[in-house]
file entry.cif (mmCIF, C-alpha atoms)
data_work
loop_
_atom_site.label_atom_id
_atom_site.label_comp_id
_atom_site.auth_asym_id
_atom_site.auth_seq_id
_atom_site.Cartn_x
_atom_site.Cartn_y
_atom_site.Cartn_z
CA MET F 125 -0.14 -14.51 -6.98
CA ARG F 126 -0.88 -11.24 -5.28
CA VAL F 127 -0.11 -7.83 -6.69
CA MET F 128 -0.18 -4.33 -5.25
CA ILE F 129 -1.64 -1.72 -7.60
CA ILE F 130 -0.10 1.62 -6.72
CA VAL F 131 -1.77 4.93 -7.62
CA ARG F 132 0.77 7.69 -7.43
CA ALA F 133 0.00 11.10 -5.91
CA ASN F 134 -0.49 14.18 -8.02
CA ARG F 135 -1.24 17.86 -7.34
CA ASN F 136 -4.96 17.14 -6.98
CA SER F 137 -4.57 14.32 -4.48
CA GLU F 138 -2.02 16.32 -2.49
CA ALA F 139 -4.45 19.25 -2.37
CA GLY F 140 -7.13 16.88 -1.03
CA ARG F 141 -9.27 17.40 -4.13
CA MET F 142 -11.73 14.52 -4.56
CA PRO F 143 -12.83 13.13 -7.92
CA GLY F 144 -16.39 14.13 -8.91
CA PRO F 145 -19.42 11.97 -8.02
CA ASP F 146 -19.50 10.35 -11.52
CA VAL F 147 -15.91 9.15 -11.23
CA LEU F 148 -16.45 8.04 -7.61
CA ALA F 149 -19.50 6.02 -8.68
CA GLN F 150 -17.55 4.40 -11.55
CA MET F 151 -14.74 3.55 -9.13
CA ARG F 152 -17.23 1.90 -6.78
CA THR F 153 -18.62 -0.18 -9.65
CA TYR F 154 -15.10 -1.18 -10.67
CA ASN F 155 -14.31 -2.18 -7.09
CA GLU F 156 -17.52 -4.23 -6.91
CA GLN F 157 -16.55 -6.06 -10.10
CA LEU F 158 -13.11 -6.79 -8.64
CA ALA F 159 -14.72 -8.05 -5.44
CA GLU F 160 -17.29 -10.21 -7.29
CA ALA F 161 -14.46 -11.81 -9.25
CA GLY F 162 -12.62 -12.64 -6.01
CA VAL F 163 -9.74 -10.45 -7.13
CA LEU F 164 -10.05 -7.63 -4.59
CA VAL F 165 -8.19 -8.46 -1.37
CA GLY F 166 -7.58 -4.95 -0.08
CA MET F 167 -7.63 -1.29 -1.00
CA GLY F 168 -7.18 2.13 0.51
CA GLY F 169 -6.82 5.83 -0.13
CA LEU F 170 -4.27 7.87 1.78
CA LEU F 171 -4.75 11.39 3.11
CA PRO F 172 -2.43 13.99 1.54
CA SER F 173 1.16 13.91 2.78
CA ALA F 174 0.49 17.02 4.88
CA ASN F 175 -1.04 14.48 7.31
CA GLY F 176 1.98 12.19 7.15
CA LYS F 177 5.45 11.82 8.56
CA ARG F 178 8.72 10.43 7.27
CA VAL F 179 11.30 8.58 9.36
CA LYS F 180 14.82 8.48 7.97
CA ALA F 181 17.38 6.01 9.29
CA SER F 182 21.01 7.00 9.05
CA GLY F 183 23.91 5.41 10.88
CA GLY F 184 21.81 4.16 13.78
CA LYS F 185 19.97 7.46 14.15
CA LYS F 186 16.35 8.07 13.22
CA THR F 187 15.04 11.50 12.20
CA VAL F 188 11.33 12.30 11.93
CA VAL F 189 10.14 14.87 9.37
CA ASP F 190 6.58 16.19 9.10
CA GLY F 191 4.74 16.28 5.80
CA PRO F 192 3.85 17.70 3.38
CA PHE F 193 6.58 16.40 1.12
CA ALA F 194 7.44 18.39 -1.97
CA GLU F 195 8.46 15.55 -4.31
CA THR F 196 4.96 14.47 -5.33
CA LYS F 197 6.31 11.81 -7.69
CA GLU F 198 7.74 9.97 -4.68
CA LEU F 199 4.35 9.74 -2.97
CA ILE F 200 1.46 7.38 -3.29
CA ALA F 201 -2.21 8.36 -3.06
CA GLY F 202 -3.83 4.95 -2.88
CA PHE F 203 -3.55 1.28 -3.61
CA TRP F 204 -5.36 -1.97 -4.30
CA LEU F 205 -4.27 -5.51 -3.41
CA TRP F 206 -5.39 -8.09 -5.96
CA GLN F 207 -5.30 -11.88 -6.04
CA VAL F 208 -4.72 -12.88 -9.69
CA ARG F 209 -3.57 -15.93 -11.67
CA SER F 210 -0.87 -14.04 -13.55
CA MET F 211 0.46 -10.62 -14.46
CA ASP F 212 -1.63 -10.91 -17.66
CA GLU F 213 -4.81 -11.15 -15.61
CA ALA F 214 -3.69 -8.11 -13.59
CA LEU F 215 -3.14 -6.22 -16.84
CA GLU F 216 -6.62 -7.17 -18.06
CA TRP F 217 -8.19 -5.76 -14.92
CA ALA F 218 -5.96 -2.69 -15.03
CA ALA F 219 -7.15 -1.99 -18.59
CA ARG F 220 -10.70 -1.68 -17.19
CA PHE F 221 -9.69 1.12 -14.81
CA PRO F 222 -12.44 3.80 -15.04
CA ASP F 223 -11.83 6.89 -17.17
CA THR F 224 -11.21 9.73 -14.72
CA GLY F 225 -11.00 12.31 -17.50
CA GLU F 226 -7.31 12.84 -16.73
CA ASP F 227 -4.09 11.09 -17.59
CA GLU F 228 -3.38 8.39 -15.03
CA GLU F 229 -0.67 5.90 -14.35
CA ILE F 230 -0.70 2.85 -12.10
CA GLU F 231 2.10 0.53 -11.11
CA ILE F 232 1.56 -3.23 -10.81
CA ARG F 233 3.91 -4.80 -8.23
CA PRO F 234 4.02 -8.54 -7.57
CA MET F 235 4.22 -9.26 -3.86
CA TYR F 236 6.28 -11.82 -1.99
CA ASP F 237 4.08 -14.69 -0.87
CA GLU F 238 6.59 -16.83 0.98
CA GLY F 239 9.80 -16.37 2.84
CA PRO F 240 10.98 -13.66 5.21
CA CYS F 241 9.47 -10.82 3.18
CA GLY F 242 6.21 -12.74 2.78
CA THR F 243 2.84 -11.59 3.80
CA MET F 244 1.94 -10.63 7.32
CA THR F 245 -1.64 -9.86 6.32
CA ALA F 246 -3.62 -10.40 9.48
CA SER F 247 -5.79 -13.17 8.09
CA ALA F 248 -2.83 -14.95 6.46
CA PRO F 249 -1.56 -18.24 7.86
CA LYS F 250 1.87 -16.78 8.74
CA ALA F 251 0.47 -13.99 10.89
CA LYS F 252 -1.83 -16.44 12.64
CA ALA F 253 1.15 -18.70 13.39
CA VAL F 254 3.13 -15.76 14.76
CA ALA F 255 0.19 -14.70 16.93
CA ALA F 256 -0.30 -18.27 18.17
CA ALA F 257 3.41 -18.63 19.01
CA ALA F 258 3.33 -15.33 20.87
CA GLU F 259 0.62 -16.51 23.28
CA MET D 135 -7.04 5.23 12.90
CA ARG D 136 -5.29 3.24 10.22
CA VAL D 137 -1.92 4.17 8.76
CA MET D 138 0.07 2.80 5.89
CA VAL D 139 3.73 2.49 6.83
CA ILE D 140 5.60 2.59 3.53
CA VAL D 141 9.14 1.25 3.27
CA LYS D 142 10.75 3.07 0.37
CA ALA D 143 13.01 1.28 -2.06
CA THR D 144 16.79 1.51 -2.08
CA LYS D 145 19.38 0.39 -4.63
CA ASP D 146 19.80 -2.77 -2.52
CA SER D 147 16.11 -3.62 -2.42
CA GLU D 148 15.86 -3.05 -6.15
CA ALA D 149 18.84 -5.33 -6.70
CA GLY D 150 17.07 -8.05 -4.73
CA VAL D 151 19.72 -8.00 -1.99
CA MET D 152 18.31 -10.05 0.88
CA PRO D 153 18.70 -8.70 4.42
CA SER D 154 21.18 -10.48 6.73
CA GLN D 155 20.11 -13.38 8.96
CA LYS D 156 20.32 -11.13 12.04
CA LEU D 157 18.18 -8.48 10.40
CA LEU D 158 15.59 -11.06 9.40
CA GLU D 159 15.44 -12.29 12.99
CA ASP D 160 15.12 -8.75 14.33
CA MET D 161 12.37 -8.02 11.81
CA GLY D 162 10.58 -11.23 12.77
CA LYS D 163 10.61 -10.18 16.43
CA PHE D 164 9.39 -6.70 15.49
CA ASN D 165 6.48 -8.16 13.52
CA GLU D 166 5.63 -10.43 16.46
CA GLN D 167 5.47 -7.39 18.74
CA LEU D 168 3.16 -5.63 16.29
CA VAL D 169 0.85 -8.64 16.17
CA LYS D 170 0.84 -9.00 19.98
CA ALA D 171 0.05 -5.31 20.39
CA GLY D 172 -2.98 -5.73 18.11
CA ILE D 173 -1.56 -3.17 15.71
CA MET D 174 -0.71 -5.34 12.72
CA LEU D 175 -3.39 -5.38 10.03
CA ALA D 176 -1.14 -6.25 7.10
CA GLY D 177 2.51 -6.42 6.12
CA ASP D 178 3.94 -7.29 2.75
CA GLY D 179 7.13 -7.12 0.71
CA LEU D 180 7.13 -6.25 -2.96
CA HIS D 181 9.37 -7.88 -5.55
CA PRO D 182 11.83 -5.44 -7.15
CA THR D 183 10.46 -3.45 -10.07
CA SER D 184 12.23 -5.75 -12.54
CA LYS D 185 9.02 -7.77 -12.09
CA ALA D 186 6.71 -4.77 -12.27
CA LYS D 187 4.74 -3.00 -14.96
CA ARG D 188 3.24 0.46 -15.27
CA VAL D 189 0.04 1.16 -17.16
CA LYS D 190 -0.48 4.69 -18.45
CA PHE D 191 -3.97 5.93 -19.35
CA SER D 192 -4.48 8.89 -21.64
CA GLY D 193 -7.96 9.25 -23.16
CA ASP D 194 -8.51 5.97 -25.02
CA LYS D 195 -4.83 5.06 -25.02
CA ARG D 196 -3.34 2.41 -22.73
CA THR D 197 0.42 1.99 -22.68
CA VAL D 198 2.18 -0.74 -20.75
CA VAL D 199 5.79 -0.15 -19.66
CA ASP D 200 7.95 -2.93 -18.19
CA GLY D 201 10.12 -2.43 -15.14
CA PRO D 202 12.70 -2.04 -13.79
CA PHE D 203 12.17 1.65 -13.10
CA ALA D 204 15.20 3.85 -12.67
CA GLU D 205 13.96 6.49 -10.22
CA THR D 206 14.48 4.52 -7.01
CA LYS D 207 13.21 7.39 -4.87
CA GLU D 208 9.77 7.01 -6.44
CA LEU D 209 9.53 3.32 -5.60
CA ILE D 210 8.38 1.33 -2.61
CA ALA D 211 9.81 -1.94 -1.33
CA GLY D 212 7.16 -2.94 1.16
CA PHE D 213 4.52 -1.74 3.54
CA TRP D 214 2.56 -2.40 6.69
CA ILE D 215 -0.97 -1.37 7.57
CA TRP D 216 -1.36 -0.60 11.28
CA GLN D 217 -4.29 0.21 13.55
CA VAL D 218 -3.02 2.91 15.95
CA ARG D 219 -4.42 5.50 18.36
CA SER D 220 -2.47 8.35 16.77
CA ILE D 221 0.23 9.01 14.25
CA GLU D 222 2.62 9.57 17.15
CA GLU D 223 2.06 5.97 18.22
CA ALA D 224 2.99 4.87 14.69
CA VAL D 225 6.13 7.02 14.82
CA GLU D 226 7.20 5.35 18.09
CA TRP D 227 6.84 1.93 16.52
CA VAL D 228 8.72 2.97 13.37
CA ARG D 229 11.57 4.27 15.55
CA ARG D 230 11.96 0.73 16.85
CA CYS D 231 11.80 -0.88 13.43
CA PRO D 232 15.02 -2.56 12.26
CA SER D 233 16.28 -0.94 9.05
CA PRO D 234 15.98 -3.47 6.23
CA HIS D 235 18.59 -1.71 4.13
CA PRO D 236 21.01 1.15 4.82
CA GLY D 237 19.46 4.57 4.41
CA THR D 238 15.90 3.25 4.42
CA GLU D 239 13.17 5.87 4.58
CA ILE D 240 9.74 5.06 5.93
CA ASP D 241 6.63 7.15 5.27
CA ILE D 242 3.67 7.05 7.65
CA ARG D 243 0.45 7.97 5.86
CA PRO D 244 -3.00 8.00 7.46
CA PHE D 245 -5.84 6.42 5.52
CA PHE D 246 -8.86 8.26 4.21
CA GLU D 247 -11.72 7.06 6.39
CA ALA D 248 -15.42 7.68 5.77
CA GLU D 249 -15.41 10.69 8.12
CA ASP D 250 -12.77 12.42 5.94
CA PHE D 251 -14.99 12.55 2.87
CA GLY D 252 -17.23 15.51 2.25
CA LYS D 253 -20.63 15.65 0.59
CA GLU D 254 -19.25 14.04 -2.62
CA PHE D 255 -19.32 10.77 -0.70
CA THR D 256 -23.12 10.48 -0.69
CA PRO D 257 -25.00 8.20 1.75
CA GLU D 258 -25.58 5.86 -1.20
CA LEU D 259 -21.85 5.66 -1.95
CA ARG D 260 -21.09 5.16 1.75
CA ALA D 261 -23.52 2.23 1.91
CA GLN D 262 -21.94 0.77 -1.23
CA GLU D 263 -18.50 1.14 0.38
CA GLU D 264 -19.66 -0.68 3.52
CA ARG D 265 -21.03 -3.59 1.50
CA LEU D 266 -17.79 -3.76 -0.48
CA ARG D 267 -15.59 -3.84 2.63
CA ALA D 268 -17.74 -6.56 4.17
CA GLN D 269 -17.47 -8.61 0.99
CA VAL D 270 -13.68 -8.26 0.85
CA GLU D 271 -13.38 -9.27 4.52
CA ARG D 272 -15.49 -12.38 3.91
CA GLN D 273 -13.35 -13.34 0.92
CA LYS D 274 -10.12 -12.83 2.86
CA LYS D 275 -11.27 -15.27 5.51
CA SER D 276 -12.35 -17.96 3.04
#
call {"tool": "encode", "arguments": {"input": "entry.cif", "output": "structure tokens"}}
result
Amino acid sequence: MRVMIIVRANRNSEAGRMPGPDVLAQMRTYNEQLAEAGVLVGMGGLLPSANGKRVKASGGKKTVVDGPFAETKELIAGFWLWQVRSMDEALEWAARFPDTGEDEEIEIRPMYDEGPCGTMTASAPKAKAVAAAAE
Amino acid sequence: MRVMVIVKATKDSEAGVMPSQKLLEDMGKFNEQLVKAGIMLAGDGLHPTSKAKRVKFSGDKRTVVDGPFAETKELIAGFWIWQVRSIEEAVEWVRRCPSPHPGTEIDIRPFFEAEDFGKEFTPELRAQEERLRAQVERQKKS
């Protein structure tokens, strides 16, 4: 199964403050361990919401609003995508998350693998089939 | 540049309400267009938070909390990752996106790329990052 690990935004991430070099190095080591184990399928950090936009759909109309967005708790700062055997394995890896020196919280979200909401990841069979059909 | 296009959760998505047949077809066509345009890097749906967990870290303490989570506005239902020339290009595509559920909000958030990091991202860390990305790409293809 695949899971998305969501790291929520906070005041530091929204201010564009980076973790110190020690924490960055520990994160890199953690990511290498995840990759070595074949667990790491994707990851990314997002620029603060000041760089973002929000599109709201309402009754057939779409409105575009520029960031930054005030409700920090509704924002994400980064994510991982992991391939794991079970939620328990995901929890084991999550428990090894490096100590950043601050309180942290991550959310573990199982992803749809099949069906209409299933993955369109570019290297996945479904996306390849769509691309082939579109030629 | 890469952007994450985040589809925020609604009461319907959290209740596991499946979109209509027509909407699924429209979404399928939209995804096809994204693939044809060379924009689509990834697209995934997330199960409602009834299947999710949160892990809180405080010093040595780890606390695991089971979903579902009540604050729908803090949740996401799915996402795409797109390669675009500008955020405006992403906005134009999002304008054309069928709405999976009424009242859906979509955030467009550019990725941190290597150029965005300052001196904290030392040459050594950059090289490590490159090796890591290459490794992940190889594993995805296998």
call {"tool": "resolve_selection", "arguments": {"input": "entry.cif", "expression": "the PyMOL selection byres ((chain D) within 6 of (chain F))", "output": "list in words"}}
result
Leu175, Ala176, Gly177, Asp178, Gly179, Leu180, His181, Ala186, Lys187, Arg188, Val189, Lys190, Phe191, Ser192, Glu208, Gly237, Thr238, Glu239, Ile240, Asp241, Ile242, Arg243, Pro244, Phe245, Phe246, Glu254 and Val270 of chain D
call {"tool": "write_last_selection", "arguments": {"input": "entry.cif", "atoms": "C-alpha atoms", "output": "mmCIF file, in the frame of the given file"}}
result
data_model
loop_
_atom_site.group_PDB
_atom_site.id
_atom_site.type_symbol
_atom_site.label_atom_id
_atom_site.label_comp_id
_atom_site.auth_asym_id
_atom_site.auth_seq_id
_atom_site.Cartn_x
_atom_site.Cartn_y
_atom_site.Cartn_z
ATOM 1 C CA LEU D 175 -3.390 -5.380 10.030
ATOM 2 C CA ALA D 176 -1.140 -6.250 7.100
ATOM 3 C CA GLY D 177 2.510 -6.420 6.120
ATOM 4 C CA ASP D 178 3.940 -7.290 2.750
ATOM 5 C CA GLY D 179 7.130 -7.120 0.710
ATOM 6 C CA LEU D 180 7.130 -6.250 -2.960
ATOM 7 C CA HIS D 181 9.370 -7.880 -5.550
ATOM 8 C CA ALA D 186 6.710 -4.770 -12.270
ATOM 9 C CA LYS D 187 4.740 -3.000 -14.960
ATOM 10 C CA ARG D 188 3.240 0.460 -15.270
ATOM 11 C CA VAL D 189 0.040 1.160 -17.160
ATOM 12 C CA LYS D 190 -0.480 4.690 -18.450
ATOM 13 C CA PHE D 191 -3.970 5.930 -19.350
ATOM 14 C CA SER D 192 -4.480 8.890 -21.640
ATOM 15 C CA GLU D 208 9.770 7.010 -6.440
ATOM 16 C CA GLY D 237 19.460 4.570 4.410
ATOM 17 C CA THR D 238 15.900 3.250 4.420
ATOM 18 C CA GLU D 239 13.170 5.870 4.580
ATOM 19 C CA ILE D 240 9.740 5.060 5.930
ATOM 20 C CA ASP D 241 6.630 7.150 5.270
ATOM 21 C CA ILE D 242 3.670 7.050 7.650
ATOM 22 C CA ARG D 243 0.450 7.970 5.860
ATOM 23 C CA PRO D 244 -3.000 8.000 7.460
ATOM 24 C CA PHE D 245 -5.840 6.420 5.520
ATOM 25 C CA PHE D 246 -8.860 8.260 4.210
ATOM 26 C CA GLU D 254 -19.250 14.040 -2.620
ATOM 27 C CA VAL D 270 -13.680 -8.260 0.850
#
call {"tool": "atom_distance", "arguments": {"input": "entry.cif", "atom1": "CA of Thr144 in chain D", "atom2": "CA of Asp160 in chain D"}}
result
19.4 Å
call {"tool": "resolve_selection", "arguments": {"input": "entry.cif", "expression": "the PyMOL selection byres ((chain D and resi 171) around 12)", "output": "PyMOL selection string"}}
result
(chain F and resi 255+258-259) or (chain D and resi 164-170+172-175+216-219+223+227)
call {"tool": "write_last_selection", "arguments": {"input": "entry.cif", "atoms": "C-alpha atoms", "output": "PDB file, in the coordinates of the input"}}
result
ATOM      1  CA  ALA F 255       0.190 -14.700  16.930  1.00  0.00           C
ATOM      2  CA  ALA F 258       3.330 -15.330  20.870  1.00  0.00           C
ATOM      3  CA  GLU F 259       0.620 -16.510  23.280  1.00  0.00           C
TER       4      GLU F 259
ATOM      5  CA  PHE D 164       9.390  -6.700  15.490  1.00  0.00           C
ATOM      6  CA  ASN D 165       6.480  -8.160  13.520  1.00  0.00           C
ATOM      7  CA  GLU D 166       5.630 -10.430  16.460  1.00  0.00           C
ATOM      8  CA  GLN D 167       5.470  -7.390  18.740  1.00  0.00           C
ATOM      9  CA  LEU D 168       3.160  -5.630  16.290  1.00  0.00           C
ATOM     10  CA  VAL D 169       0.850  -8.640  16.170  1.00  0.00           C
ATOM     11  CA  LYS D 170       0.840  -9.000  19.980  1.00  0.00           C
ATOM     12  CA  GLY D 172      -2.980  -5.730  18.110  1.00  0.00           C
ATOM     13  CA  ILE D 173      -1.560  -3.170  15.710  1.00  0.00           C
ATOM     14  CA  MET D 174      -0.710  -5.340  12.720  1.00  0.00           C
ATOM     15  CA  LEU D 175      -3.390  -5.380  10.030  1.00  0.00           C
ATOM     16  CA  TRP D 216      -1.360  -0.600  11.280  1.00  0.00           C
ATOM     17  CA  GLN D 217      -4.290   0.210  13.550  1.00  0.00           C
ATOM     18  CA  VAL D 218      -3.020   2.910  15.950  1.00  0.00           C
ATOM     19  CA  ARG D 219      -4.420   5.500  18.360  1.00  0.00           C
ATOM     20  CA  GLU D 223       2.060   5.970  18.220  1.00  0.00           C
ATOM     21  CA  TRP D 227       6.840   1.930  16.520  1.00  0.00           C
TER      22      TRP D 227
END
call {"tool": "atom_distance", "arguments": {"input": "entry.cif", "atom1": "CA of Met151 in chain F", "atom2": "CA of Arg196 in chain D"}}
result
17.8 Å
call {"tool": "atom_distance", "arguments": {"input": "entry.cif", "atom1": "CA of Pro202 in chain D", "atom2": "CA of Met152 in chain D"}}
result
17.6 Å
call {"tool": "axis_aligned_box", "arguments": {"input": "entry.cif", "around": "range 201-220 of chain D", "padding_each_side": "6 Å", "output": "lines of an AutoDock Vina configuration file"}}
result
center_x = 5.4
center_y = 2.7
center_z = 1.6
size_x = 31.6
size_y = 23.3
size_z = 45.5
call {"tool": "resolve_selection", "arguments": {"input": "entry.cif", "expression": "the PyMOL selection byres ((chain D and resi 143) around 6)", "output": "PyMOL selection string"}}
result
chain D and resi 142+144+147+209-211
call {"tool": "closest_residue", "arguments": {"input": "entry.cif", "among": "D:Leu259, D:Ala248, D:Ile140, D:Met135", "to": "Phe213 in chain D", "atoms": "all atoms listed in the file"}}
result
D:Ile140
